[in-house]
$ cat my_file-v4.csv   # CSV, C-alpha atoms
chain,number,residue,atom,x,y,z
H,1466,MET,CA,78.1,-72.9,275.7
H,1467,SER,CA,76.3,-69.6,276.7
H,1468,ASP,CA,77.4,-66.3,275.3
H,1469,ARG,CA,78.8,-65.2,278.6
H,1470,ALA,CA,80.9,-68.4,279.0
H,1471,LEU,CA,82.4,-67.6,275.6
H,1472,ILE,CA,83.6,-64.2,276.7
H,1473,GLY,CA,87.4,-64.3,277.0
H,1474,GLN,CA,87.3,-68.1,276.4
H,1475,ARG,CA,90.6,-68.2,274.5
H,1476,LEU,CA,92.3,-66.1,277.1
H,1477,LYS,CA,91.0,-68.5,279.8
H,1478,GLU,CA,92.3,-71.5,277.7
H,1479,PHE,CA,95.7,-69.8,277.5
H,1480,GLN,CA,95.8,-69.2,281.2
H,1481,ALA,CA,94.8,-72.8,281.9
H,1482,ALA,CA,97.6,-74.0,279.6
H,1483,GLU,CA,100.1,-71.8,281.4
H,1484,VAL,CA,99.0,-73.1,284.8
H,1485,LYS,CA,99.5,-76.7,283.5
H,1486,ARG,CA,103.0,-75.8,282.1
H,1487,ILE,CA,104.1,-74.0,285.3
H,1488,LEU,CA,102.9,-76.8,287.6
H,1489,GLY,CA,104.8,-79.3,285.4
H,1490,ALA,CA,108.0,-77.2,285.2
H,1491,CYS,CA,108.5,-75.7,288.7
H,1492,THR,CA,110.8,-77.7,291.0
H,1493,GLN,CA,110.0,-75.5,294.0
H,1494,CYS,CA,113.6,-74.6,294.5
H,1495,GLY,CA,112.5,-71.2,296.0
H,1496,LYS,CA,114.9,-69.0,294.0
H,1497,CYS,CA,112.1,-66.8,292.8
H,1498,TYR,CA,111.0,-66.0,296.4
H,1499,GLU,CA,114.6,-65.5,297.5
H,1500,VAL,CA,115.3,-62.7,295.0
H,1501,CYS,CA,111.8,-61.1,295.3
H,1502,PRO,CA,112.2,-57.4,296.4
H,1503,MET,CA,108.6,-57.4,297.5
H,1504,ALA,CA,108.6,-60.4,299.9
H,1505,GLN,CA,109.7,-58.1,302.8
H,1506,TYR,CA,106.3,-56.3,302.5
H,1507,SER,CA,104.2,-59.5,302.9
H,1508,LYS,CA,101.7,-59.6,305.7
H,1509,ALA,CA,103.1,-63.1,306.5
H,1510,PRO,CA,106.8,-63.0,305.6
H,1511,SER,CA,108.4,-66.5,305.3
H,1512,GLN,CA,111.8,-67.8,306.1
H,1513,ASP,CA,111.2,-70.9,303.9
H,1514,ALA,CA,111.3,-70.0,300.2
H,1515,LYS,CA,110.5,-73.6,299.1
H,1516,THR,CA,107.3,-74.0,301.1
H,1517,THR,CA,106.2,-70.5,300.1
H,1518,VAL,CA,106.5,-71.4,296.4
H,1519,ALA,CA,104.7,-74.7,297.1
H,1520,GLY,CA,101.9,-72.6,298.6
H,1521,ALA,CA,101.7,-70.5,295.5
H,1522,LEU,CA,101.5,-73.6,293.3
H,1523,ALA,CA,98.7,-74.9,295.5
H,1524,VAL,CA,96.7,-71.7,294.8
H,1525,LEU,CA,97.3,-72.3,291.0
H,1526,ARG,CA,95.8,-75.8,291.5
H,1527,GLY,CA,92.7,-74.2,293.1
H,1528,GLU,CA,93.7,-75.3,296.6
H,1529,GLN,CA,93.8,-73.2,299.7
H,1530,GLY,CA,97.1,-71.2,299.9
H,1531,THR,CA,99.2,-70.9,303.1
H,1532,PRO,CA,99.2,-67.5,304.8
H,1533,GLU,CA,102.8,-67.1,303.6
H,1534,ALA,CA,102.0,-67.8,300.0
H,1535,LEU,CA,98.9,-65.6,300.0
H,1536,GLY,CA,101.0,-62.8,301.6
H,1537,TRP,CA,103.6,-63.1,298.9
H,1538,ILE,CA,100.9,-63.2,296.1
H,1539,GLY,CA,99.3,-60.1,297.6
H,1540,VAL,CA,102.5,-58.0,297.3
H,1541,CYS,CA,103.6,-59.0,293.8
H,1542,THR,CA,104.0,-55.9,291.7
H,1543,ARG,CA,105.6,-57.5,288.7
H,1544,SER,CA,109.2,-56.6,289.4
H,1545,GLY,CA,110.3,-59.6,287.3
H,1546,VAL,CA,113.6,-60.2,288.9
H,1547,CYS,CA,112.4,-63.7,289.6
H,1548,VAL,CA,112.4,-64.5,285.8
H,1549,PRO,CA,116.2,-64.7,285.3
H,1550,ALA,CA,116.6,-66.2,288.7
H,1551,CYS,CA,114.6,-69.3,287.8
H,1552,PRO,CA,116.8,-72.2,286.7
H,1553,GLU,CA,113.9,-74.0,285.0
H,1554,ASN,CA,112.6,-71.1,282.8
H,1555,VAL,CA,109.2,-71.3,284.5
H,1556,ASP,CA,108.5,-67.6,284.2
H,1557,PRO,CA,107.7,-67.0,287.9
H,1558,LYS,CA,106.3,-63.6,287.0
H,1559,MET,CA,103.6,-65.3,285.0
H,1560,MET,CA,103.2,-67.8,287.8
H,1561,MET,CA,102.6,-65.1,290.3
H,1562,ARG,CA,100.2,-63.2,288.0
H,1563,LEU,CA,98.1,-66.2,287.5
H,1564,ALA,CA,98.2,-67.1,291.2
H,1565,ARG,CA,97.1,-63.5,292.0
H,1566,MET,CA,94.2,-63.8,289.5
H,1567,THR,CA,93.2,-67.1,291.1
H,1568,ALA,CA,93.5,-66.0,294.7
H,1569,LEU,CA,91.4,-62.9,293.9
H,1570,GLY,CA,88.7,-65.2,292.7
H,1571,GLY,CA,89.1,-64.0,289.1
H,1572,ARG,CA,89.5,-67.5,287.6
H,1573,ALA,CA,86.3,-69.0,288.9
H,1574,GLN,CA,88.0,-70.3,292.1
H,1575,PRO,CA,87.0,-69.2,295.7
H,1576,LYS,CA,88.5,-65.9,296.7
H,1577,GLN,CA,91.4,-66.1,299.1
H,1578,ILE,CA,92.7,-62.6,299.2
H,1579,GLU,CA,90.9,-59.2,299.1
H,1580,ALA,CA,91.4,-56.6,296.3
H,1581,LYS,CA,91.4,-53.0,297.2
H,1582,GLU,CA,88.1,-51.9,295.6
H,1583,ASP,CA,88.1,-48.5,294.0
H,1584,ARG,CA,84.5,-47.9,292.8
H,1585,ASP,CA,85.5,-44.6,291.3
H,1586,TYR,CA,88.5,-45.9,289.2
H,1587,PHE,CA,87.1,-45.4,285.7
H,1588,ASP,CA,84.8,-42.5,286.6
H,1589,ARG,CA,87.8,-40.7,288.1
H,1590,ILE,CA,89.7,-41.1,284.8
H,1591,ARG,CA,86.7,-39.8,282.9
H,1592,ALA,CA,86.5,-36.8,285.2
H,1593,PHE,CA,90.2,-35.9,284.8
H,1594,ALA,CA,89.7,-36.2,281.0
H,1595,LYS,CA,86.7,-33.8,281.1
H,1596,LEU,CA,88.9,-31.4,283.1
H,1597,GLN,CA,91.7,-31.4,280.6
H,1598,LEU,CA,90.5,-32.3,277.1
H,1599,THR,CA,88.1,-30.4,274.8
H,1600,ASP,CA,84.7,-31.8,274.0
H,1601,ASP,CA,85.9,-32.7,270.5
H,1602,GLU,CA,89.0,-34.5,271.8
H,1603,LEU,CA,86.8,-36.4,274.3
H,1604,LYS,CA,84.5,-37.4,271.4
H,1605,ASP,CA,87.3,-38.4,269.0
H,1606,TRP,CA,90.0,-39.8,271.3
H,1607,THR,CA,88.2,-41.8,273.9
U,789,MET,CA,105.3,-39.5,253.5
U,790,SER,CA,104.2,-39.8,257.1
U,791,GLU,CA,103.4,-43.2,258.6
U,792,ALA,CA,99.9,-43.3,260.1
U,793,VAL,CA,100.0,-44.8,263.6
U,794,THR,CA,97.4,-45.4,266.3
U,795,PHE,CA,98.6,-43.7,269.5
U,796,TRP,CA,97.2,-46.0,272.2
U,797,TYR,CA,97.7,-43.8,275.2
U,798,GLY,CA,95.9,-45.9,277.8
U,799,CYS,CA,93.5,-44.8,280.6
U,800,ASN,CA,95.1,-43.0,283.5
U,801,VAL,CA,97.3,-40.7,281.4
U,802,LEU,CA,94.0,-38.8,280.8
U,803,ARG,CA,95.0,-37.0,284.1
U,804,HIS,CA,97.8,-35.4,282.0
U,805,GLY,CA,96.4,-33.9,278.9
U,806,ASP,CA,99.7,-32.0,278.4
U,807,ILE,CA,101.5,-35.3,278.1
U,808,ILE,CA,99.1,-36.6,275.5
U,809,HIS,CA,99.2,-33.4,273.5
U,810,SER,CA,103.0,-33.3,273.6
U,811,CYS,CA,103.3,-36.9,272.5
U,812,LEU,CA,101.1,-36.2,269.5
U,813,ASP,CA,103.2,-33.1,268.5
U,814,ILE,CA,106.4,-35.0,269.0
U,815,LEU,CA,105.2,-37.9,266.9
U,816,ARG,CA,104.1,-35.5,264.1
U,817,ALA,CA,107.4,-33.7,264.3
U,818,ILE,CA,109.4,-36.9,263.7
U,819,GLY,CA,107.3,-38.0,260.7
U,820,PHE,CA,104.3,-39.9,262.0
U,821,GLU,CA,100.6,-39.2,261.7
U,822,PRO,CA,99.1,-40.3,265.0
U,823,SER,CA,95.5,-41.0,265.7
U,824,PRO,CA,95.0,-41.0,269.5
U,825,VAL,CA,92.8,-43.5,271.2
U,826,GLY,CA,92.4,-44.5,274.9
U,827,GLY,CA,90.3,-44.2,278.0
U,828,PRO,CA,88.1,-46.8,279.6
U,829,ASP,CA,86.6,-47.8,276.2
U,830,TYR,CA,90.1,-48.9,275.0
U,831,CYS,CA,91.1,-50.5,278.4
U,832,CYS,CA,93.5,-53.4,278.1
U,833,GLY,CA,91.8,-55.2,281.1
U,834,THR,CA,94.9,-55.4,283.2
U,835,VAL,CA,93.0,-53.9,286.1
U,836,LYS,CA,90.5,-56.7,286.1
U,837,ASP,CA,92.6,-59.5,287.7
U,838,VAL,CA,89.6,-60.1,290.0
U,839,ASN,CA,87.3,-61.0,287.0
U,840,GLN,CA,88.9,-62.8,284.0
U,841,THR,CA,85.6,-63.0,282.2
U,842,SER,CA,85.5,-59.2,282.2
U,843,ALA,CA,89.2,-58.9,281.5
U,844,GLY,CA,88.9,-61.3,278.5
U,845,GLY,CA,85.9,-59.3,277.1
U,846,MET,CA,87.8,-56.0,277.4
U,847,ALA,CA,90.8,-57.5,275.7
U,848,THR,CA,88.8,-58.9,272.8
U,849,ARG,CA,86.9,-55.5,272.4
U,850,THR,CA,90.2,-53.5,272.5
U,851,VAL,CA,92.2,-55.8,270.2
U,852,GLY,CA,89.3,-55.7,267.8
U,853,LYS,CA,89.1,-52.0,267.7
U,854,LEU,CA,92.8,-51.6,267.3
U,855,ASN,CA,92.7,-54.3,264.5
U,856,ASP,CA,90.0,-52.2,262.7
U,857,ARG,CA,92.2,-49.2,262.6
U,858,GLY,CA,94.7,-51.0,260.4
U,859,ALA,CA,97.8,-49.2,261.5
U,860,ARG,CA,100.8,-49.8,263.7
U,861,VAL,CA,100.0,-49.2,267.3
U,862,VAL,CA,102.3,-47.0,269.4
U,863,ALA,CA,101.7,-47.6,273.1
U,864,TRP,CA,102.3,-45.1,275.8
U,865,CYS,CA,101.2,-47.1,278.9
U,866,PRO,CA,103.5,-49.8,280.2
U,867,SER,CA,100.6,-51.7,281.7
U,868,CYS,CA,98.8,-51.8,278.3
U,869,HIS,CA,101.9,-52.7,276.4
U,870,SER,CA,102.9,-55.6,278.7
U,871,HIS,CA,99.4,-56.8,279.1
U,872,MET,CA,99.1,-56.9,275.3
U,873,HIS,CA,102.2,-59.2,275.1
U,874,ASP,CA,101.4,-61.3,278.2
U,875,PHE,CA,97.7,-61.9,277.8
U,876,MET,CA,95.7,-59.9,275.2
U,877,GLU,CA,97.3,-61.3,272.1
U,878,LYS,CA,97.2,-64.8,273.5
U,879,GLY,CA,93.4,-64.8,273.5
U,880,ASN,CA,92.9,-62.7,270.4
U,881,GLU,CA,94.2,-62.3,266.8
U,882,ARG,CA,96.4,-59.2,266.9
U,883,GLN,CA,96.7,-57.9,263.4
U,884,PHE,CA,98.9,-54.9,264.0
U,885,ASP,CA,102.5,-54.2,265.0
U,886,ILE,CA,102.9,-52.6,268.3
U,887,THR,CA,105.8,-50.4,269.5
U,888,TYR,CA,106.3,-48.8,272.9
U,889,LEU,CA,106.7,-45.0,272.6
U,890,VAL,CA,110.2,-44.9,274.3
U,891,ASP,CA,111.3,-47.5,271.7
U,892,LEU,CA,110.0,-45.5,268.8
U,893,LEU,CA,111.5,-42.2,270.0
U,894,HIS,CA,114.8,-43.9,270.7
U,895,ALA,CA,114.8,-45.4,267.2
U,896,ASN,CA,114.1,-42.0,265.7
U,897,ARG,CA,116.8,-40.1,267.7
U,898,ALA,CA,118.3,-38.7,264.5
U,899,LYS,CA,115.0,-37.0,263.7
U,900,LEU,CA,114.3,-35.9,267.2
U,901,ALA,CA,117.7,-34.4,268.0
U,902,PRO,CA,117.5,-31.3,265.7
U,903,LEU,CA,114.1,-30.4,267.2
U,904,LEU,CA,115.6,-30.1,270.7
U,905,VAL,CA,116.6,-26.5,270.4
U,906,HIS,CA,115.8,-24.9,273.7
U,907,GLU,CA,118.2,-25.2,276.7
U,908,VAL,CA,116.8,-27.0,279.7
U,909,PRO,CA,119.6,-26.6,282.2
U,910,MET,CA,118.9,-29.3,284.8
U,911,ARG,CA,120.6,-32.1,286.6
U,912,VAL,CA,118.0,-34.9,286.7
U,913,MET,CA,117.8,-38.4,288.2
U,914,LEU,CA,115.6,-41.0,286.4
U,915,HIS,CA,113.1,-42.7,288.7
U,916,ARG,CA,113.6,-46.3,287.8
U,917,HIS,CA,111.8,-49.6,288.4
U,918,VAL,CA,113.2,-53.0,288.0
U,919,GLY,CA,110.1,-54.3,286.1
U,920,PHE,CA,109.1,-53.7,282.4
U,921,ASN,CA,112.7,-53.0,281.6
U,922,ASP,CA,113.0,-56.6,280.4
U,923,LEU,CA,110.3,-55.9,277.7
U,924,VAL,CA,111.6,-52.4,276.7
U,925,PRO,CA,115.0,-51.3,278.2
U,926,VAL,CA,113.6,-48.0,279.3
U,927,ASN,CA,116.1,-47.6,282.1
U,928,ARG,CA,118.8,-47.2,279.4
U,929,MET,CA,116.8,-45.6,276.6
U,930,VAL,CA,115.1,-42.7,278.6
U,931,PRO,CA,118.4,-41.4,279.9
U,932,GLU,CA,119.8,-41.5,276.4
U,933,LEU,CA,116.8,-39.5,275.2
U,934,LEU,CA,117.2,-37.0,278.0
U,935,GLU,CA,120.9,-36.5,277.4
U,936,MET,CA,119.9,-35.2,273.9
U,937,VAL,CA,118.1,-32.3,275.5
U,938,PRO,CA,120.5,-29.3,275.6
U,939,GLY,CA,121.4,-28.6,279.2
U,940,VAL,CA,120.1,-31.8,280.7
U,941,LYS,CA,122.6,-33.8,282.7
U,942,VAL,CA,121.4,-37.2,283.9
U,943,VAL,CA,122.9,-38.3,287.2
U,944,ASP,CA,122.5,-41.8,288.7
U,945,GLY,CA,121.3,-42.0,292.3
U,946,GLY,CA,121.8,-45.7,292.4
U,947,TYR,CA,118.3,-46.5,293.4
U,948,THR,CA,115.9,-48.7,291.4
U,949,ALA,CA,112.4,-49.2,292.9
U,950,PRO,CA,110.7,-52.7,293.0
U,951,GLY,CA,107.7,-53.4,290.8
U,952,TYR,CA,107.2,-51.9,287.4
U,953,MET,CA,105.5,-48.7,288.2
U,954,CYS,CA,104.3,-46.8,291.3
U,955,ALA,CA,100.6,-46.9,290.8
U,956,SER,CA,100.5,-50.7,291.6
U,957,PHE,CA,101.7,-49.8,295.1
U,958,ALA,CA,98.4,-48.0,295.9
U,959,ALA,CA,97.4,-50.9,298.1
U,960,LEU,CA,100.8,-51.2,299.6
U,961,PRO,CA,101.3,-47.9,301.4
U,962,ASN,CA,104.4,-49.0,303.3
U,963,ALA,CA,106.2,-49.9,300.1
U,964,LEU,CA,105.1,-46.7,298.4
U,965,GLU,CA,106.4,-44.7,301.3
U,966,ASP,CA,109.7,-46.4,300.9
U,967,ILE,CA,109.8,-45.6,297.2
U,968,HIS,CA,109.1,-41.9,297.9
U,969,ALA,CA,111.7,-41.8,300.6
U,970,ASN,CA,114.4,-43.7,298.7
U,971,THR,CA,113.8,-41.7,295.5
U,972,LEU,CA,114.2,-38.4,297.3
U,973,ARG,CA,117.2,-39.7,299.3
U,974,ALA,CA,118.9,-40.9,296.1
U,975,ALA,CA,118.2,-37.7,294.2
U,976,LYS,CA,119.6,-35.6,296.9
U,977,ALA,CA,122.7,-37.8,297.3
U,978,CYS,CA,123.6,-37.5,293.6
U,979,GLY,CA,122.9,-33.8,293.5
U,980,ALA,CA,119.9,-34.0,291.2
U,981,GLU,CA,117.7,-30.9,290.9
U,982,ALA,CA,114.8,-32.9,289.7
U,983,VAL,CA,113.4,-36.4,289.5
U,984,VAL,CA,112.2,-37.6,286.0
U,985,THR,CA,109.7,-40.4,285.6
U,986,THR,CA,109.3,-42.6,282.6
U,987,PHE,CA,105.7,-43.6,283.3
U,988,HIS,CA,102.7,-41.4,284.0
U,989,GLN,CA,101.7,-43.9,286.7
U,990,CYS,CA,104.9,-43.0,288.5
U,991,TYR,CA,104.6,-39.3,287.8
U,992,ARG,CA,101.2,-39.2,289.4
U,993,GLU,CA,102.7,-40.6,292.7
U,994,ILE,CA,106.2,-39.0,292.6
U,995,VAL,CA,104.9,-35.5,291.8
U,996,GLY,CA,103.7,-35.6,295.4
U,997,LEU,CA,107.4,-34.9,296.2
U,998,ASP,CA,107.1,-31.7,294.1
U,999,ALA,CA,103.8,-30.7,295.8
U,1000,ALA,CA,105.5,-31.2,299.1
U,1001,ARG,CA,108.3,-28.9,297.9
U,1002,ALA,CA,110.9,-31.7,298.5
U,1003,ILE,CA,112.2,-31.7,294.9
U,1004,ASP,CA,111.0,-30.8,291.4
U,1005,VAL,CA,109.4,-33.7,289.4
U,1006,TYR,CA,108.8,-34.1,285.7
U,1007,ASN,CA,108.0,-36.8,283.2
U,1008,TYR,CA,110.6,-37.3,280.5
U,1009,ILE,CA,108.1,-36.0,277.9
U,1010,HIS,CA,107.9,-32.7,279.7
U,1011,LEU,CA,111.6,-32.0,279.2
U,1012,ILE,CA,111.5,-33.1,275.5
U,1013,ALA,CA,108.5,-30.9,274.9
U,1014,ARG,CA,110.1,-27.9,276.7
U,1015,SER,CA,113.2,-28.2,274.6
U,1016,MET,CA,111.0,-28.4,271.4
U,1017,GLY,CA,109.1,-25.3,272.6
U,1018,LEU,CA,105.8,-27.0,272.9
U,1019,PRO,CA,103.3,-24.8,274.7
U,1020,TYR,CA,101.4,-27.2,277.0
U,1021,GLU,CA,101.0,-26.5,280.6
U,1022,ASP,CA,101.2,-29.2,283.3
U,1023,ASP,CA,97.8,-28.7,284.9
U,1024,TYR,CA,98.0,-31.8,287.0
U,1025,LYS,CA,101.2,-30.5,288.7
U,1026,ALA,CA,99.7,-27.1,289.2
U,1027,TRP,CA,96.6,-28.6,290.8
U,1028,LYS,CA,98.6,-31.0,292.9
U,1029,ARG,CA,100.8,-28.2,294.2
U,1030,ALA,CA,97.7,-26.1,295.0
U,1031,GLY,CA,96.0,-29.0,296.9
U,1032,GLU,CA,92.8,-27.5,298.2
U,1033,GLY,CA,93.4,-24.4,296.1
U,1034,ALA,CA,93.0,-26.6,293.0
U,1035,THR,CA,89.3,-26.0,293.2
U,1036,GLN,CA,89.7,-22.3,292.5
U,1037,MET,CA,92.2,-23.0,289.7
U,1038,ILE,CA,90.0,-25.5,287.9
U,1039,GLY,CA,87.0,-23.3,288.3
U,1040,ALA,CA,83.3,-23.9,288.8
U,1041,GLU,CA,82.5,-24.3,285.1
U,1042,ARG,CA,84.9,-27.3,284.6
U,1043,ILE,CA,84.0,-28.8,288.0
U,1044,ALA,CA,80.4,-28.7,287.0
U,1045,LYS,CA,81.2,-31.0,284.1
U,1046,VAL,CA,82.2,-33.8,286.4
U,1047,GLY,CA,79.8,-32.9,289.2
U,1048,VAL,CA,80.7,-31.1,292.4
U,1049,GLU,CA,79.9,-34.1,294.6
U,1050,PHE,CA,82.1,-36.4,292.5
U,1051,TYR,CA,84.9,-33.9,292.3
U,1052,GLU,CA,85.0,-33.4,296.1
U,1053,ARG,CA,84.7,-37.1,296.8
U,1054,ALA,CA,87.0,-38.7,294.2
U,1055,VAL,CA,89.2,-36.0,292.5
U,1056,LEU,CA,90.1,-33.5,295.2
U,1057,PRO,CA,91.4,-36.0,297.7
U,1058,GLU,CA,94.0,-37.2,295.1
U,1059,LEU,CA,95.1,-33.6,294.5
U,1060,ARG,CA,95.4,-33.0,298.3
U,1061,LYS,CA,97.3,-36.2,299.0
U,1062,ARG,CA,101.0,-35.8,300.0
U,1063,PRO,CA,103.7,-38.4,300.5
U,1064,ASN,CA,104.5,-39.4,304.0
U,1065,LEU,CA,108.3,-38.5,304.1
U,1066,ARG,CA,109.8,-40.2,307.1

$ encode --input "my_file-v4.csv" --output "structure tokens"
Amino acid sequence: MSDRALIGQRLKEFQAAEVKRILGACTQCGKCYEVCPMAQYSKAPSQDAKTTVAGALAVLRGEQGTPEALGWIGVCTRSGVCVPACPENVDPKMMMRLARMTALGGRAQPKQIEAKEDRDYFDRIRAFAKLQLTDDELKDWT
Amino acid sequence: MSEAVTFWYGCNVLRHGDIIHSCLDILRAIGFEPSPVGGPDYCCGTVKDVNQTSAGGMATRTVGKLNDRGARVVAWCPSCHSHMHDFMEKGNERQFDITYLVDLLHANRAKLAPLLVHEVPMRVMLHRHVGFNDLVPVNRMVPELLEMVPGVKVVDGGYTAPGYMCASFAALPNALEDIHANTLRAAKACGAEAVVTTFHQCYREIVGLDAARAIDVYNYIHLIARSMGLPYEDDYKAWKRAGEGATQMIGAERIAKVGVEFYERAVLPELRKRPNLR
């Protein structure tokens, strides 16, 4: 295996194991979607919680997600109210996080949703640090 | 004897040097010897959902660097803290204990209380989110810390925002507008004079209400620091209030450090930004 392929390999193995566990445990009851406070902000709001969850699971399997599932994945901000709502202890917050990584193309699958790119993200942090910290603090703390 | 700890402050809190300095003084005052680390070189990788190879590499690098320090880690950033538990430690051997700062301060209330000597007369509402609270019960602990400050009265506006912190709503402007509007409405309804945030990622967004002169906004560390008599000025709030005038406040010498073009393109727009209050 190349050096690049080894980067983050254990993390990827953990994620793959979690995907397998979630796909095996979720009964698609839809409770996680029903309680989600962010579903209202989806670009494709759904009236059918069960099929929306099924769409999110399809994304985890590497398949094309439905517009409703991708809309839901796109607005997940880790509220976590889905976790206690799940009768099967699936951890839907983890399910949605992994679905988001997958849909963004982050797990070597085709990209299905767009991320808002901020090319200045880290440079902006460095800039604010330079405006607020001394040269010694920048050297020793960052 | 003081316990040496690594104060892992994260990335974006570098906008708020006063918060970092205050946290260090507070930690020292309650018996710890903190070594601060953070910034992009200590990034947890949570911002790299789009590239898990990159995220995994960042996690391995940062866990390794924290391992090498050989001390308990005290985390400031909720994103870093939760990402450590959810992902980083699953792909790497974490060899240090990790505690969230709110948890540490709450556990050391007996040491903190006698240091809170200056009155801070203020009715405040905590800006809450539903997320993260399952990992660390900040929505209970932060009000309990604030109530220790002489003069502070915490009032409950009955509003809890979705998500786990405001910054993750940057790509969801309608939802962020709702959070701004609902936070202000709840604060006014319960007679709060100020909104207090737990996380810097919320402070950065909610302080826009202050800049718009809608209501005063603080981070909880600001009030603890003020009560302890710590001297640090909140430059970010001053610049945010000034908007365009921040350029004059910061001054040409400091702006030259980051580059005029970059400052005008990437820094000033953030300071000028105001919430859309419907």

$ closest_atom_pairs --input "my_file-v4.csv" --of "chain U" --to "chain H" --cutoff "6 Å" --atoms "only C-alpha atoms" --output "Markdown table"
| residue | atom | partner | partner_atom | distance |
| --- | --- | --- | --- | --- |
| U:Asn800 | CA | H:Ile1590 | CA | 5.9 |
| U:Leu802 | CA | H:Ala1594 | CA | 5.0 |
| U:Arg803 | CA | H:Phe1593 | CA | 5.0 |
| U:Gly805 | CA | H:Gln1597 | CA | 5.6 |
| U:Pro824 | CA | H:Trp1606 | CA | 5.4 |
| U:Val825 | CA | H:Trp1606 | CA | 4.6 |
| U:Gly826 | CA | H:Thr1607 | CA | 5.1 |
| U:Gly827 | CA | H:Thr1607 | CA | 5.2 |
| U:Asp837 | CA | H:Met1566 | CA | 4.9 |
| U:Val838 | CA | H:Gly1571 | CA | 4.0 |
| U:Asn839 | CA | H:Gly1571 | CA | 4.1 |
| U:Gln840 | CA | H:Gly1571 | CA | 5.2 |
| U:Thr841 | CA | H:Gly1473 | CA | 5.7 |
| U:Gly844 | CA | H:Gly1473 | CA | 3.7 |
| U:Gly845 | CA | H:Gly1473 | CA | 5.2 |
| U:Gly879 | CA | H:Leu1476 | CA | 4.0 |
| U:Val918 | CA | H:Ser1544 | CA | 5.6 |
| U:Gly919 | CA | H:Ser1544 | CA | 4.1 |
| U:Pro950 | CA | H:Ser1544 | CA | 5.5 |
| U:Gly951 | CA | H:Ser1544 | CA | 3.8 |
| U:Tyr952 | CA | H:Ser1544 | CA | 5.5 |
| U:Arg1042 | CA | H:Leu1596 | CA | 5.9 |
| U:Val1046 | CA | H:Ala1592 | CA | 5.4 |

$ closest_residue --input "my_file-v4.csv" --among "H:Ala1509, H:Ala1519, H:Cys1497, H:Val1555" --to "Pro1532 in chain H" --atoms "only C-alpha atoms"
H:Ala1509

$ atom_distance --input "my_file-v4.csv" --atom1 "CA of Met1016 in chain U" --atom2 "CA of Met953 in chain U"
26.9 Å

$ atom_distance --input "my_file-v4.csv" --atom1 "CA of Val1518 in chain H" --atom2 "CA of Cys1494 in chain H"
8.0 Å

$ closest_residue --input "my_file-v4.csv" --among "U:Met846, U:Leu1018, U:Cys868, U:Ala959" --to "Tyr797 in chain U" --atoms "only C-alpha atoms"
U:Cys868

$ atom_distance --input "my_file-v4.csv" --atom1 "CA of Arg1526 in chain H" --atom2 "CA of Val1484 in chain H"
7.9 Å

$ residues_around --input "my_file-v4.csv" --residues "Arg1029 in chain U" --least-positions-apart "2" --cutoff "9 Å" --atoms "only C-alpha atoms" --output "list in words"
Val995, Gly996, Asp998, Ala999, Ala1000, Arg1001, Tyr1024, Lys1025, Ala1026, Trp1027, Gly1031, Glu1032, Gly1033, Ala1034, Leu1059 and Arg1060 of chain U

$ residues_around --input "my_file-v4.csv" --residues "Thr850 in chain U" --least-positions-apart "3" --cutoff "8 Å" --atoms "all atoms listed in the file" --output "number ranges by chain"
U: 829-832, 846-847, 853-854

$ closest_residue --input "my_file-v4.csv" --among "U:Gly939, U:Leu914, U:Arg857, U:His804" --to "Lys1028 in chain U" --atoms "all atoms listed in the file"
U:His804

$ residues_around --input "my_file-v4.csv" --residues "Asn880 in chain U" --least-positions-apart "2" --cutoff "7 Å" --atoms "only C-alpha atoms" --output "count of residues only"
6

$ decode --input "my_file-v4.csv" --residues "range 1027-1046 of chain U" --atoms "C-alpha atoms" --output "short mmCIF file (atom, residue, chain, number, x, y, z; two decimals), in the first residue's frame"
data_model
loop_
_atom_site.label_atom_id
_atom_site.label_comp_id
_atom_site.auth_asym_id
_atom_site.auth_seq_id
_atom_site.Cartn_x
_atom_site.Cartn_y
_atom_site.Cartn_z
CA TRP U 1027 -13.48 45.85 15.85
CA LYS U 1028 -16.83 44.27 15.12
CA ARG U 1029 -18.66 47.26 16.60
CA ALA U 1030 -16.48 49.61 14.56
CA GLY U 1031 -17.11 47.75 11.29
CA GLU U 1032 -15.34 49.75 8.60
CA GLY U 1033 -13.69 51.77 11.36
CA ALA U 1034 -11.85 48.66 12.54
CA THR U 1035 -9.15 49.42 10.01
CA GLN U 1036 -8.18 52.57 11.88
CA MET U 1037 -8.39 50.84 15.27
CA ILE U 1038 -6.15 47.97 14.19
CA GLY U 1039 -3.71 50.31 12.53
CA ALA U 1040 -1.50 50.09 9.47
CA GLU U 1041 1.38 48.36 11.25
CA ARG U 1042 -0.69 45.34 12.34
CA ILE U 1043 -2.58 45.17 9.06
CA ALA U 1044 0.74 45.07 7.23
CA LYS U 1045 1.53 41.85 9.13
CA VAL U 1046 -1.36 40.07 7.41
#
